[in-house]
$ cat coords-v3.cif   # mmCIF, C-alpha atoms
data_target
#
loop_
_atom_site.label_atom_id
_atom_site.label_comp_id
_atom_site.auth_asym_id
_atom_site.auth_seq_id
_atom_site.Cartn_x
_atom_site.Cartn_y
_atom_site.Cartn_z
CA GLN A 214 14.38 -25.77 3.38
CA LYS A 215 12.27 -23.07 4.98
CA GLU A 216 13.28 -22.01 8.47
CA VAL A 217 9.73 -22.54 9.73
CA GLU A 218 7.62 -25.28 8.20
CA GLN A 219 3.88 -25.54 8.66
CA ASP A 220 1.38 -27.89 7.09
CA PRO A 221 -0.97 -25.65 5.10
CA GLY A 222 -3.88 -28.05 5.48
CA PRO A 223 -6.68 -27.39 4.92
CA LEU A 224 -7.94 -28.87 8.16
CA SER A 225 -11.66 -29.45 8.70
CA VAL A 226 -13.10 -30.51 12.06
CA PRO A 227 -16.54 -30.70 13.66
CA GLU A 228 -17.57 -28.21 16.31
CA GLY A 229 -16.34 -29.24 19.75
CA ALA A 230 -13.30 -31.13 18.48
CA ILE A 231 -9.78 -30.64 19.79
CA VAL A 232 -7.59 -29.11 17.11
CA SER A 233 -3.84 -29.64 16.92
CA LEU A 234 -1.75 -27.29 14.78
CA ASN A 235 1.97 -27.87 14.39
CA CYS A 236 5.15 -26.29 13.12
CA THR A 237 8.77 -27.32 12.96
CA TYR A 238 11.76 -25.04 12.71
CA SER A 239 15.36 -25.53 11.73
CA ASN A 240 17.19 -22.56 13.24
CA SER A 241 18.26 -23.39 16.79
CA ALA A 242 18.85 -19.67 17.42
CA PHE A 243 15.11 -19.02 17.55
CA GLN A 244 14.22 -18.11 21.13
CA TYR A 245 10.58 -17.13 21.14
CA PHE A 246 7.52 -18.36 19.35
CA MET A 247 4.12 -16.96 18.55
CA TRP A 248 0.81 -18.08 17.14
CA TYR A 249 -1.36 -15.72 15.14
CA ARG A 250 -4.90 -16.11 13.85
CA GLN A 251 -5.82 -14.44 10.58
CA TYR A 252 -9.35 -14.11 9.30
CA SER A 253 -9.85 -13.63 5.57
CA ARG A 254 -8.74 -10.21 4.36
CA LYS A 255 -7.74 -9.09 7.85
CA GLY A 256 -4.44 -8.59 9.64
CA PRO A 257 -3.09 -11.36 11.90
CA GLU A 258 -4.12 -11.32 15.55
CA LEU A 259 -1.67 -12.43 18.23
CA LEU A 260 -3.00 -15.47 20.12
CA MET A 261 -0.08 -16.85 22.09
CA TYR A 262 3.52 -15.95 22.84
CA THR A 263 6.00 -18.35 24.41
CA TYR A 264 9.65 -17.87 25.24
CA SER A 265 10.77 -21.24 26.52
CA SER A 266 10.04 -24.92 26.22
CA GLY A 267 6.87 -26.06 27.90
CA ASN A 268 3.19 -25.28 27.82
CA LYS A 269 1.28 -22.04 28.06
CA GLU A 270 -2.47 -21.97 28.41
CA ASP A 271 -4.97 -19.20 27.72
CA GLY A 272 -8.61 -20.15 27.82
CA ARG A 273 -9.28 -22.76 25.14
CA PHE A 274 -5.80 -22.33 23.65
CA THR A 275 -2.61 -24.11 24.69
CA ALA A 276 0.76 -23.41 23.09
CA GLN A 277 3.51 -25.99 23.42
CA VAL A 278 7.18 -25.60 22.61
CA ASP A 279 9.77 -28.38 22.51
CA LYS A 280 13.12 -26.81 21.72
CA SER A 281 14.95 -30.14 21.79
CA SER A 282 12.96 -31.36 18.80
CA LYS A 283 12.34 -27.88 17.34
CA TYR A 284 8.60 -28.45 17.40
CA ILE A 285 5.82 -26.03 18.31
CA SER A 286 2.13 -26.73 18.64
CA LEU A 287 -1.15 -24.96 19.25
CA PHE A 288 -4.10 -26.85 20.68
CA ILE A 289 -7.63 -25.53 20.54
CA ARG A 290 -10.16 -27.18 22.85
CA ASP A 291 -13.91 -27.17 22.25
CA SER A 292 -13.43 -25.66 18.81
CA GLN A 293 -16.09 -23.28 17.54
CA PRO A 294 -17.10 -22.20 14.03
CA SER A 295 -15.70 -18.77 14.92
CA ASP A 296 -12.26 -20.40 15.18
CA SER A 297 -12.33 -20.95 11.41
CA ALA A 298 -9.34 -18.97 10.14
CA THR A 299 -5.75 -19.32 9.03
CA TYR A 300 -3.32 -19.98 11.89
CA LEU A 301 0.25 -18.80 11.51
CA CYS A 302 3.16 -19.88 13.65
CA ALA A 303 6.15 -17.55 13.94
CA ALA A 304 9.60 -17.71 15.45
CA GLY A 305 12.05 -14.98 16.40
CA GLY A 306 15.23 -14.18 18.21
CA THR A 307 17.85 -14.18 15.47
CA SER A 308 17.46 -10.49 14.67
CA TYR A 309 15.84 -8.14 17.13
CA GLY A 310 12.12 -8.10 16.64
CA LYS A 311 12.11 -9.90 13.31
CA LEU A 312 9.76 -12.88 12.98
CA THR A 313 9.89 -15.77 10.55
CA PHE A 314 6.45 -17.10 9.69
CA GLY A 315 5.21 -20.50 8.68
CA GLN A 316 2.94 -20.66 5.66
CA GLY A 317 -0.21 -20.91 7.74
CA THR A 318 -2.79 -23.66 8.27
CA ILE A 319 -6.34 -23.09 7.06
CA LEU A 320 -8.79 -24.36 9.67
CA THR A 321 -12.52 -24.84 9.19
CA VAL A 322 -14.75 -25.78 12.12
CA HIS A 323 -18.14 -26.88 10.87
CA PRO A 324 -21.29 -26.87 13.00
CA GLY B 245 -4.60 -2.47 24.19
CA ALA B 246 -1.98 -2.85 21.44
CA VAL B 247 -4.10 -1.54 18.61
CA VAL B 248 -2.60 -0.79 15.22
CA SER B 249 -4.50 0.97 12.47
CA GLN B 250 -3.83 1.26 8.76
CA HIS B 251 -5.16 3.70 6.23
CA PRO B 252 -6.51 3.31 3.65
CA SER B 253 -7.99 -0.17 3.91
CA ARG B 254 -8.36 -0.40 0.13
CA VAL B 255 -6.92 1.64 -2.69
CA ILE B 256 -7.13 1.42 -6.44
CA CYS B 257 -4.66 3.42 -8.48
CA LYS B 258 -3.49 3.70 -12.05
CA SER B 259 -0.20 2.33 -13.24
CA GLY B 260 2.61 4.84 -12.81
CA THR B 261 1.14 6.69 -9.85
CA SER B 262 2.33 6.58 -6.24
CA VAL B 263 0.37 5.41 -3.23
CA LYS B 264 1.00 6.13 0.44
CA ILE B 265 -0.14 3.78 3.20
CA GLU B 266 -0.15 4.88 6.83
CA CYS B 267 0.37 2.67 9.86
CA ARG B 268 -0.35 3.98 13.35
CA SER B 269 0.00 2.50 16.80
CA LEU B 270 -2.99 3.89 18.71
CA ASP B 271 -2.30 3.06 22.34
CA PHE B 272 1.41 2.38 22.60
CA GLN B 273 4.73 3.70 21.37
CA ALA B 274 6.14 1.59 18.57
CA THR B 275 9.91 1.70 18.51
CA THR B 276 9.93 -0.74 15.61
CA MET B 277 7.47 -1.16 12.77
CA PHE B 278 7.46 -3.82 10.11
CA TRP B 279 5.97 -3.89 6.64
CA TYR B 280 4.78 -7.13 5.08
CA ARG B 281 3.30 -8.17 1.79
CA GLN B 282 0.91 -11.08 1.47
CA PHE B 283 -0.29 -12.78 -1.71
CA PRO B 284 -3.54 -14.79 -1.73
CA LYS B 285 -3.32 -17.97 0.31
CA GLN B 286 0.32 -17.34 1.08
CA SER B 287 2.16 -16.39 4.22
CA LEU B 288 3.53 -13.01 5.19
CA MET B 289 6.64 -11.79 3.41
CA LEU B 290 8.66 -9.26 5.36
CA MET B 291 9.58 -6.28 3.22
CA ALA B 292 11.36 -4.00 5.67
CA THR B 293 11.94 -3.10 9.29
CA SER B 294 11.88 0.49 10.43
CA ASN B 295 12.94 2.11 13.68
CA GLU B 296 11.80 5.56 14.66
CA GLY B 297 14.19 8.19 13.37
CA SER B 298 16.34 5.75 11.39
CA LYS B 299 16.49 4.52 7.84
CA ALA B 300 14.53 1.35 7.17
CA THR B 301 16.26 -1.98 6.74
CA TYR B 302 15.01 -3.74 3.62
CA GLU B 303 14.90 -7.47 3.05
CA GLN B 304 16.83 -8.96 0.18
CA GLY B 305 15.08 -8.46 -3.12
CA VAL B 306 12.92 -5.54 -1.98
CA GLU B 307 13.60 -2.33 -3.94
CA LYS B 308 14.11 0.45 -1.44
CA ASP B 309 13.63 3.14 -4.09
CA LYS B 310 10.28 1.69 -5.03
CA PHE B 311 8.97 1.05 -1.53
CA LEU B 312 9.78 4.15 0.49
CA ILE B 313 9.39 3.78 4.23
CA ASN B 314 9.33 6.61 6.73
CA HIS B 315 9.07 6.16 10.50
CA ALA B 316 8.77 9.77 11.57
CA SER B 317 7.40 9.25 15.07
CA LEU B 318 6.85 6.55 17.66
CA THR B 319 3.27 6.11 16.48
CA LEU B 320 3.44 6.53 12.71
CA SER B 321 5.14 4.78 9.83
CA THR B 322 4.33 5.21 6.15
CA LEU B 323 4.94 3.04 3.10
CA THR B 324 4.91 4.74 -0.28
CA VAL B 325 4.72 2.57 -3.36
CA THR B 326 6.26 4.69 -6.10
CA SER B 327 5.43 4.33 -9.79
CA ALA B 328 3.10 1.46 -9.03
CA HIS B 329 2.59 -1.32 -11.55
CA PRO B 330 0.00 -4.11 -11.70
CA GLU B 331 2.50 -6.58 -10.23
CA ASP B 332 2.58 -4.42 -7.07
CA SER B 333 -1.07 -5.29 -6.45
CA SER B 334 -1.15 -7.11 -3.14
CA PHE B 335 -2.21 -7.01 0.51
CA TYR B 336 0.17 -4.85 2.53
CA ILE B 337 0.21 -5.25 6.30
CA CYS B 338 2.15 -3.38 8.93
CA SER B 339 2.98 -4.45 12.44
CA ALA B 340 4.42 -2.68 15.44
CA SER B 341 6.28 -3.67 18.56
CA GLU B 342 7.20 -1.88 21.76
CA ALA B 343 10.71 -1.52 23.10
CA SER B 344 9.85 -3.81 26.00
CA GLY B 345 8.65 -6.83 24.07
CA TYR B 346 9.07 -9.08 21.08
CA GLU B 347 5.37 -9.33 20.24
CA GLN B 348 4.28 -7.80 16.97
CA TYR B 349 0.81 -6.33 16.71
CA PHE B 350 -0.62 -6.15 13.24
CA GLY B 351 -2.75 -3.62 11.47
CA PRO B 352 -5.83 -4.66 9.46
CA GLY B 353 -4.00 -4.45 6.15
CA THR B 354 -4.33 -2.42 2.96
CA ARG B 355 -5.42 -4.00 -0.28
CA LEU B 356 -3.72 -2.28 -3.20
CA THR B 357 -4.95 -2.77 -6.75
CA VAL B 358 -3.00 -1.20 -9.59
CA THR B 359 -4.85 -0.99 -12.89
#
$ encode --input "coords-v3.cif" --output "structure tokens"
Amino acid sequence: QKEVEQDPGPLSVPEGAIVSLNCTYSNSAFQYFMWYRQYSRKGPELLMYTYSSGNKEDGRFTAQVDKSSKYISLFIRDSQPSDSATYLCAAGGTSYGKLTFGQGTILTVHP
Amino acid sequence: GAVVSQHPSRVICKSGTSVKIECRSLDFQATTMFWYRQFPKQSLMLMATSNEGSKATYEQGVEKDKFLINHASLTLSTLTVTSAHPEDSSFYICSASEASGYEQYFGPGTRLTVT
């Protein structure tokens, strides 16, 4: 079993839809969680960083962490075609600075 | 802020030669840098972690004599792929983090093709 599991999709939604991306993790020692966006042939870009259970909002993006169920989510409101990318969840805290990544979800937002 | 650059962005080399990839943090001091490898449509695979002035820590299964990592300063780390073979062809990405945080900031990646 992978330490961080993520549905690879692909996920296709119409422009304006609310997108829900999810990951589960098995290691209860993970303390902080991140979401990255990666466009094709580019490096990942940090979108959200959360340290505790609860919600964190930044513009159209909301990250949610539920440590009791080991579940993390990213919501994208009013999705745009420019949001089309691979979204990677990551968890850390077991070894200083080291992140464990999910396999990524491919998202396509069509006009 | 938090910009990381990589050079070169693409490189093609012949089998048996060595290739050096540079990773620089442009606007912050990176106490720790990470090197990843990514195959098409797959996630990031951590190869090694390097701290400035120390030897790199390699992940299990990564040959440290083949993938030489040097973190000579707080803004520069290099990955040298020695005696490259076609199976080393991949997308190599570095990331960097500051002493004050856990966030990793990624470079744009280097696509290596070994012929």
$ interface_residues --input "coords-v3.cif" --of "chain A" --to "chain B" --cutoff "8 Å" --atoms "all atoms listed in the file" --output "JSON, numbers by chain"
{"A": [247, 254, 255, 256, 257, 258, 259, 262, 301, 309, 310, 311, 314, 315, 316, 317]}
$ write_last_selection --input "coords-v3.cif" --atoms "C-alpha atoms" --output "mmCIF file, in the coordinates of the input"
data_model
loop_
_atom_site.group_PDB
_atom_site.id
_atom_site.type_symbol
_atom_site.label_atom_id
_atom_site.label_comp_id
_atom_site.auth_asym_id
_atom_site.auth_seq_id
_atom_site.Cartn_x
_atom_site.Cartn_y
_atom_site.Cartn_z
ATOM 1 C CA MET A 247 4.120 -16.960 18.550
ATOM 2 C CA ARG A 254 -8.740 -10.210 4.360
ATOM 3 C CA LYS A 255 -7.740 -9.090 7.850
ATOM 4 C CA GLY A 256 -4.440 -8.590 9.640
ATOM 5 C CA PRO A 257 -3.090 -11.360 11.900
ATOM 6 C CA GLU A 258 -4.120 -11.320 15.550
ATOM 7 C CA LEU A 259 -1.670 -12.430 18.230
ATOM 8 C CA TYR A 262 3.520 -15.950 22.840
ATOM 9 C CA LEU A 301 0.250 -18.800 11.510
ATOM 10 C CA TYR A 309 15.840 -8.140 17.130
ATOM 11 C CA GLY A 310 12.120 -8.100 16.640
ATOM 12 C CA LYS A 311 12.110 -9.900 13.310
ATOM 13 C CA PHE A 314 6.450 -17.100 9.690
ATOM 14 C CA GLY A 315 5.210 -20.500 8.680
ATOM 15 C CA GLN A 316 2.940 -20.660 5.660
ATOM 16 C CA GLY A 317 -0.210 -20.910 7.740
#
$ resolve_selection --input "coords-v3.cif" --expression "the PyMOL selection byres ((chain B and resi 325) around 10)" --output "list in words"
Gly260, Thr261, Ser262, Val263, Lys264, Ile265, Lys308, Asp309, Lys310, Phe311, Leu312, Ile313, Thr322, Leu323, Thr324, Thr326, Ser327, Ala328, His329, Asp332 and Leu356 of chain B
$ resolve_selection --input "coords-v3.cif" --expression "the PyMOL selection byres ((chain B and resi 330) around 9)" --output "PyMOL selection string"
chain B and resi 258-259+328-329+331-333+357-359
$ write_last_selection --input "coords-v3.cif" --atoms "C-alpha atoms" --output "short mmCIF file (atom, residue, chain, number, x, y, z; two decimals), in the coordinates of the input"
data_model
loop_
_atom_site.label_atom_id
_atom_site.label_comp_id
_atom_site.auth_asym_id
_atom_site.auth_seq_id
_atom_site.Cartn_x
_atom_site.Cartn_y
_atom_site.Cartn_z
CA LYS B 258 -3.49 3.70 -12.05
CA SER B 259 -0.20 2.33 -13.24
CA ALA B 328 3.10 1.46 -9.03
CA HIS B 329 2.59 -1.32 -11.55
CA GLU B 331 2.50 -6.58 -10.23
CA ASP B 332 2.58 -4.42 -7.07
CA SER B 333 -1.07 -5.29 -6.45
CA THR B 357 -4.95 -2.77 -6.75
CA VAL B 358 -3.00 -1.20 -9.59
CA THR B 359 -4.85 -0.99 -12.89
#
$ closest_residue --input "coords-v3.cif" --among "A:Val232, A:Ala303, A:Ala242, A:Val226" --to "Thr263 (chain A)" --atoms "only C-alpha atoms"
A:Ala303
$ resolve_selection --input "coords-v3.cif" --expression "the PyMOL selection byres ((chain A and resi 214) around 12)" --output "ChimeraX atom specification"
/A:215-219,237-240,315
$ atom_distance --input "coords-v3.cif" --atom1 "CA of Thr275 (chain A)" --atom2 "CA of Met261 (chain A)"
8.1 Å
$ residues_near_point --input "coords-v3.cif" --point "(-4.3, -22.5, 11.9)" --cutoff "12 Å" --atoms "only C-alpha atoms" --output "PyMOL selection string"
(chain A and resi 219-226+232-236+248-252+257-258+260+274+286-289+292+296-303+315-322) or (chain B and resi 287)
$ write_last_selection --input "coords-v3.cif" --atoms "C-alpha atoms" --output "tab-separated table (two decimals), in the frame of the given file"
chain	number	residue	atom	x	y	z
A	219	GLN	CA	3.88	-25.54	8.66
A	220	ASP	CA	1.38	-27.89	7.09
A	221	PRO	CA	-0.97	-25.65	5.10
A	222	GLY	CA	-3.88	-28.05	5.48
A	223	PRO	CA	-6.68	-27.39	4.92
A	224	LEU	CA	-7.94	-28.87	8.16
A	225	SER	CA	-11.66	-29.45	8.70
A	226	VAL	CA	-13.10	-30.51	12.06
A	232	VAL	CA	-7.59	-29.11	17.11
A	233	SER	CA	-3.84	-29.64	16.92
A	234	LEU	CA	-1.75	-27.29	14.78
A	235	ASN	CA	1.97	-27.87	14.39
A	236	CYS	CA	5.15	-26.29	13.12
A	248	TRP	CA	0.81	-18.08	17.14
A	249	TYR	CA	-1.36	-15.72	15.14
A	250	ARG	CA	-4.90	-16.11	13.85
A	251	GLN	CA	-5.82	-14.44	10.58
A	252	TYR	CA	-9.35	-14.11	9.30
A	257	PRO	CA	-3.09	-11.36	11.90
A	258	GLU	CA	-4.12	-11.32	15.55
A	260	LEU	CA	-3.00	-15.47	20.12
A	274	PHE	CA	-5.80	-22.33	23.65
A	286	SER	CA	2.13	-26.73	18.64
A	287	LEU	CA	-1.15	-24.96	19.25
A	288	PHE	CA	-4.10	-26.85	20.68
A	289	ILE	CA	-7.63	-25.53	20.54
A	292	SER	CA	-13.43	-25.66	18.81
A	296	ASP	CA	-12.26	-20.40	15.18
A	297	SER	CA	-12.33	-20.95	11.41
A	298	ALA	CA	-9.34	-18.97	10.14
A	299	THR	CA	-5.75	-19.32	9.03
A	300	TYR	CA	-3.32	-19.98	11.89
A	301	LEU	CA	0.25	-18.80	11.51
A	302	CYS	CA	3.16	-19.88	13.65
A	303	ALA	CA	6.15	-17.55	13.94
A	315	GLY	CA	5.21	-20.50	8.68
A	316	GLN	CA	2.94	-20.66	5.66
A	317	GLY	CA	-0.21	-20.91	7.74
A	318	THR	CA	-2.79	-23.66	8.27
A	319	ILE	CA	-6.34	-23.09	7.06
A	320	LEU	CA	-8.79	-24.36	9.67
A	321	THR	CA	-12.52	-24.84	9.19
A	322	VAL	CA	-14.75	-25.78	12.12
B	287	SER	CA	2.16	-16.39	4.22
$ atom_distance --input "coords-v3.cif" --atom1 "CA of Arg268 (chain B)" --atom2 "CA of Ala300 (chain B)"
16.3 Å
$ closest_residue --input "coords-v3.cif" --among "A:Gly229, A:His323, A:Pro294, A:Ala304" --to "Lys280 (chain A)" --atoms "only C-alpha atoms"
A:Ala304
$ atom_distance --input "coords-v3.cif" --atom1 "CA of Ile285 (chain A)" --atom2 "CA of Val247 (chain B)"
26.4 Å
$ residues_around --input "coords-v3.cif" --residues "Tyr264 (chain A)" --least-positions-apart "2" --cutoff "10 Å" --atoms "only C-alpha atoms" --output "PyMOL selection string"
(chain A and resi 243-247+262+266-267+269+278+304-306) or (chain B and resi 346)
$ write_last_selection --input "coords-v3.cif" --atoms "C-alpha atoms" --output "PDB file, keeping the file's coordinate frame"
ATOM      1  CA  PHE A 243      15.110 -19.020  17.550  1.00  0.00           C
ATOM      2  CA  GLN A 244      14.220 -18.110  21.130  1.00  0.00           C
ATOM      3  CA  TYR A 245      10.580 -17.130  21.140  1.00  0.00           C
ATOM      4  CA  PHE A 246       7.520 -18.360  19.350  1.00  0.00           C
ATOM      5  CA  MET A 247       4.120 -16.960  18.550  1.00  0.00           C
ATOM      6  CA  TYR A 262       3.520 -15.950  22.840  1.00  0.00           C
ATOM      7  CA  SER A 266      10.040 -24.920  26.220  1.00  0.00           C
ATOM      8  CA  GLY A 267       6.870 -26.060  27.900  1.00  0.00           C
ATOM      9  CA  LYS A 269       1.280 -22.040  28.060  1.00  0.00           C
ATOM     10  CA  VAL A 278       7.180 -25.600  22.610  1.00  0.00           C
ATOM     11  CA  ALA A 304       9.600 -17.710  15.450  1.00  0.00           C
ATOM     12  CA  GLY A 305      12.050 -14.980  16.400  1.00  0.00           C
ATOM     13  CA  GLY A 306      15.230 -14.180  18.210  1.00  0.00           C
TER      14      GLY A 306
ATOM     15  CA  TYR B 346       9.070  -9.080  21.080  1.00  0.00           C
TER      16      TYR B 346
END
$ closest_residue --input "coords-v3.cif" --among "A:Ser241, A:Gln293, A:Ser308, A:Thr313" --to "Ser281 (chain A)" --atoms "all atoms listed in the file"
A:Ser241
$ decode --input "coords-v3.cif" --residues "region 248-353 of chain B" --atoms "C-alpha atoms" --output "mmCIF file, in the first residue's frame"
data_model
loop_
_atom_site.group_PDB
_atom_site.id
_atom_site.type_symbol
_atom_site.label_atom_id
_atom_site.label_comp_id
_atom_site.auth_asym_id
_atom_site.auth_seq_id
_atom_site.Cartn_x
_atom_site.Cartn_y
_atom_site.Cartn_z
ATOM 1 C CA VAL B 248 14.041 27.991 -8.442
ATOM 2 C CA SER B 249 15.821 27.661 -11.763
ATOM 3 C CA GLN B 250 17.334 24.661 -13.494
ATOM 4 C CA HIS B 251 19.853 24.474 -16.284
ATOM 5 C CA PRO B 252 19.798 23.098 -18.876
ATOM 6 C CA SER B 253 16.110 22.637 -19.600
ATOM 7 C CA ARG B 254 16.846 19.921 -22.154
ATOM 8 C CA VAL B 255 19.938 17.899 -22.891
ATOM 9 C CA ILE B 256 20.729 15.118 -25.307
ATOM 10 C CA CYS B 257 23.887 13.119 -24.745
ATOM 11 C CA LYS B 258 25.504 9.965 -25.996
ATOM 12 C CA SER B 259 25.626 6.791 -23.984
ATOM 13 C CA GLY B 260 28.666 6.670 -21.716
ATOM 14 C CA THR B 261 29.046 10.412 -21.253
ATOM 15 C CA SER B 262 28.307 12.431 -18.123
ATOM 16 C CA VAL B 263 25.786 15.224 -17.764
ATOM 17 C CA LYS B 264 25.606 17.930 -15.108
ATOM 18 C CA ILE B 265 22.339 19.616 -14.140
ATOM 19 C CA GLU B 266 22.313 22.789 -12.053
ATOM 20 C CA CYS B 267 19.621 23.862 -9.625
ATOM 21 C CA ARG B 268 19.600 27.384 -8.200
ATOM 22 C CA SER B 269 17.391 29.168 -5.714
ATOM 23 C CA LEU B 270 17.186 32.724 -7.049
ATOM 24 C CA ASP B 271 15.630 34.732 -4.242
ATOM 25 C CA PHE B 272 16.098 32.700 -1.081
ATOM 26 C CA GLN B 273 18.673 30.588 0.689
ATOM 27 C CA ALA B 274 17.988 26.900 0.301
ATOM 28 C CA THR B 275 19.277 24.922 3.240
ATOM 29 C CA THR B 276 17.887 21.746 1.717
ATOM 30 C CA MET B 277 17.538 20.742 -1.910
ATOM 31 C CA PHE B 278 15.871 17.670 -3.293
ATOM 32 C CA TRP B 279 16.317 15.831 -6.567
ATOM 33 C CA TYR B 280 13.441 13.959 -8.169
ATOM 34 C CA ARG B 281 12.967 11.854 -11.239
ATOM 35 C CA GLN B 282 9.670 11.670 -13.084
ATOM 36 C CA PHE B 283 8.645 9.226 -15.805
ATOM 37 C CA PRO B 284 5.816 10.084 -18.227
ATOM 38 C CA LYS B 285 2.417 10.186 -16.543
ATOM 39 C CA GLN B 286 3.911 9.113 -13.249
ATOM 40 C CA SER B 287 4.466 10.880 -9.982
ATOM 41 C CA LEU B 288 7.689 12.280 -8.597
ATOM 42 C CA MET B 289 10.263 9.821 -7.308
ATOM 43 C CA LEU B 290 12.642 11.264 -4.750
ATOM 44 C CA MET B 291 16.236 10.403 -5.565
ATOM 45 C CA ALA B 292 18.167 12.238 -2.870
ATOM 46 C CA THR B 293 18.151 15.008 -0.305
ATOM 47 C CA SER B 294 21.071 17.368 0.030
ATOM 48 C CA ASN B 295 21.956 19.898 2.696
ATOM 49 C CA GLU B 296 24.457 22.646 2.090
ATOM 50 C CA GLY B 297 27.955 21.512 2.976
ATOM 51 C CA SER B 298 26.962 17.910 3.696
ATOM 52 C CA LYS B 299 26.895 14.674 1.773
ATOM 53 C CA ALA B 300 23.598 13.894 0.091
ATOM 54 C CA THR B 301 21.230 11.296 1.490
ATOM 55 C CA TYR B 302 20.121 8.910 -1.235
ATOM 56 C CA GLU B 303 16.862 7.004 -1.353
ATOM 57 C CA GLN B 304 16.921 3.244 -1.424
ATOM 58 C CA GLY B 305 17.755 1.895 -4.847
ATOM 59 C CA VAL B 306 19.415 5.082 -6.125
ATOM 60 C CA GLU B 307 23.085 4.580 -7.036
ATOM 61 C CA LYS B 308 25.065 7.324 -5.357
ATOM 62 C CA ASP B 309 28.106 6.703 -7.568
ATOM 63 C CA LYS B 310 26.004 7.159 -10.673
ATOM 64 C CA PHE B 311 24.031 10.190 -9.543
ATOM 65 C CA LEU B 312 26.531 12.555 -7.945
ATOM 66 C CA ILE B 313 25.023 15.398 -5.968
ATOM 67 C CA ASN B 314 26.868 18.455 -4.742
ATOM 68 C CA HIS B 315 25.323 21.222 -2.641
ATOM 69 C CA ALA B 316 28.199 23.664 -2.538
ATOM 70 C CA SER B 317 26.319 26.775 -1.467
ATOM 71 C CA LEU B 318 22.967 27.882 -0.111
ATOM 72 C CA THR B 319 21.781 28.694 -3.620
ATOM 73 C CA LEU B 320 23.279 25.969 -5.804
ATOM 74 C CA SER B 321 23.032 22.212 -6.039
ATOM 75 C CA THR B 322 24.200 20.063 -8.941
ATOM 76 C CA LEU B 323 23.274 16.582 -10.111
ATOM 77 C CA THR B 324 25.760 14.769 -12.324
ATOM 78 C CA VAL B 325 24.600 11.677 -14.143
ATOM 79 C CA THR B 326 27.779 9.701 -14.761
ATOM 80 C CA SER B 327 28.228 7.235 -17.610
ATOM 81 C CA ALA B 328 24.682 7.845 -18.757
ATOM 82 C CA HIS B 329 22.712 5.082 -20.444
ATOM 83 C CA PRO B 330 19.406 5.188 -22.349
ATOM 84 C CA GLU B 331 17.534 3.962 -19.271
ATOM 85 C CA ASP B 332 18.636 7.157 -17.482
ATOM 86 C CA SER B 333 16.529 9.174 -19.925
ATOM 87 C CA SER B 334 13.925 10.943 -17.834
ATOM 88 C CA PHE B 335 12.658 14.262 -16.484
ATOM 89 C CA TYR B 336 14.796 15.408 -13.561
ATOM 90 C CA ILE B 337 13.381 18.037 -11.224
ATOM 91 C CA CYS B 338 14.945 19.745 -8.258
ATOM 92 C CA SER B 339 13.244 21.495 -5.387
ATOM 93 C CA ALA B 340 14.460 23.702 -2.589
ATOM 94 C CA SER B 341 13.266 24.655 0.856
ATOM 95 C CA GLU B 342 14.273 27.296 3.364
ATOM 96 C CA ALA B 343 15.314 26.601 6.920
ATOM 97 C CA SER B 344 12.158 28.278 8.187
ATOM 98 C CA GLY B 345 9.583 26.221 6.332
ATOM 99 C CA TYR B 346 8.513 22.848 5.051
ATOM 100 C CA GLU B 347 7.366 24.053 1.638
ATOM 101 C CA GLN B 348 9.333 22.813 -1.335
ATOM 102 C CA TYR B 349 9.665 25.044 -4.367
ATOM 103 C CA PHE B 350 10.352 23.277 -7.617
ATOM 104 C CA GLY B 351 12.485 24.117 -10.587
ATOM 105 C CA PRO B 352 11.138 23.800 -14.151
ATOM 106 C CA GLY B 353 12.832 20.454 -14.717
#
